[in-house]
Amino acid sequence: MSVDNKAPEIRFEGFSGEWVENYLGELIDIRSAARVHKEQWTEAGVPFFRTSDVVSIYKGQENTKAYISHEVYNSLSEKIGKVTKDDLLITGGGSIGIPYLVPNDNHLYFKDADLLWLKNNKRLDGYFLYTFFFSEPFKKHIKSISHTGTIAHYTIEQAKATPINTCYEEEQTQIGNYFQKLDELINQHQQKHDKLSNIKKAMLEKMFPKPGVKIPEIRFKGFSGEWHEVVLSSVIDVRSGKDYKKLGTGNIPVYGTGGYMLSVDSALSDNENAIGIGRKGTIDKPYILHAPFWTVDTLFYAVPYSNFNLKFVFCLFQKIDWKRHNESTGVPSLSRAAINNVPVYVTNELEQIKIGNYFQKLDTLINQHQQQITKLNNIKQACLSKMFV
């Protein structure tokens, strides 16, 4: 084991002294499940966890669930015991070392070889142990035992031999509680972000006419009548980005397909607000460019004509499936002609402004939550590197 200093850089008040060096197998029982054959899976019953389930939970995503019958669960649990609150399931194949902290005593079972079972004997705080698997010491260890060029595996014996430095239970609890609160805040902002994103997606469908229909489902009070079908060339002037020789440290932002790059001093910057969209590579992520700006030659930018609202036109761009207009079998690409020929429905300028402002407010709220998620994740990563040894 390392002879480095065993006291973390950041510590809660009242705690001192070095942490104790251990191996995970010395502190906790690490085991696997009894075999369940795929033909024993059912569509309802006791949840049956696989690597994909743990990874999906970690990423906040949904996946197709698997189950086993209560009869199979009872039979197997009599042989190996039951998974209970504060136990951990750890991915052992593919994306290795991702933990799932069992939140309650509800019945669940898991796939052998896919997942390792850390049976918590209460010597370690559950959330402290869960958080350890995201810490820098564990990341360094898992990297050191991974085999380059092969499918990664994390076995029971490797888990038992994983070094872990621990502190007294009171300090573990403080650390576990701190990271649990951080994770709860991140999840709260993520849920609000996702809810607003879903609202935006639904409203983009309902506040703009569907193909062949000239009136939207949802409309602001005071507006009526049909919208008009036109092509984008009637709405915007599509211009090409420019090649550049040298980027400096001026105050003119330079944009590429990935967004903001650097700044430049230039008398050739554009002084009209526009919508940027990639002409090569990333062609389906439009964004608003506020003048003055400079764009590189992998980017188109579209300046709305005087009777079209920028924020409304940005909504039109977000509704379009740009990948359908890809003109390359290799790197995705758009042409000016392809953009100009896209059919869209438009309304009068007053309704455009109302719609554009509505979606701008939604985007502002979505971005605020994303900024908080990024900020909290940065805090979490910094603390993970300084609160474990």
# chains A, B, ... in the order shown; residues from 1 in each chain; ligands from 1

call {"tool": "select_by_dssp", "arguments": {"residues": "region 67-245 of chain A", "states": "helix (DSSP H, G or I)", "output": "ChimeraX atom specification"}}
result
/A:70-80,126-132,136-145,156-160,169-206,232-234

call {"tool": "select_by_dssp", "arguments": {"residues": "region 106-146 of chain A", "states": "strand (DSSP E)", "output": "short mmCIF file (atom, residue, chain, number, x, y, z; two decimals) with C-alpha atoms, in the first residue's frame"}}
result
data_model
loop_
_atom_site.label_atom_id
_atom_site.label_comp_id
_atom_site.auth_asym_id
_atom_site.auth_seq_id
_atom_site.Cartn_x
_atom_site.Cartn_y
_atom_site.Cartn_z
CA TYR A 109 -32.11 -10.08 -7.18
CA PHE A 110 -29.23 -9.68 -9.62
CA LEU A 115 -22.71 -7.51 -10.62
CA LEU A 116 -20.79 -7.90 -7.37
CA TRP A 117 -22.67 -7.80 -4.08
CA LEU A 118 -21.16 -5.89 -1.18
CA LYS A 119 -23.12 -7.10 1.84
#

call {"tool": "residues_around", "arguments": {"residues": "Phe208 (chain A)", "least_positions_apart": "3", "cutoff": "8 Å", "atoms": "only C-alpha atoms", "output": "list in words"}}
result
Leu204, Glu205, Ile215, Pro216, Glu217 and Tyr345 of chain A

call {"tool": "residues_around", "arguments": {"residues": "region 346-352 of chain A", "least_positions_apart": "5", "cutoff": "10 Å", "atoms": "only C-alpha atoms", "output": "VMD selection string"}}
result
chain A and resid 208 to 209 214 to 215 219 to 232 235 306 to 313 315 to 316 357 to 358

call {"tool": "closest_residue", "arguments": {"among": "A:Val331, A:Val36, A:Ile236, A:Ile30", "to": "Thr282 (chain A)", "atoms": "only C-alpha atoms"}}
result
A:Val331
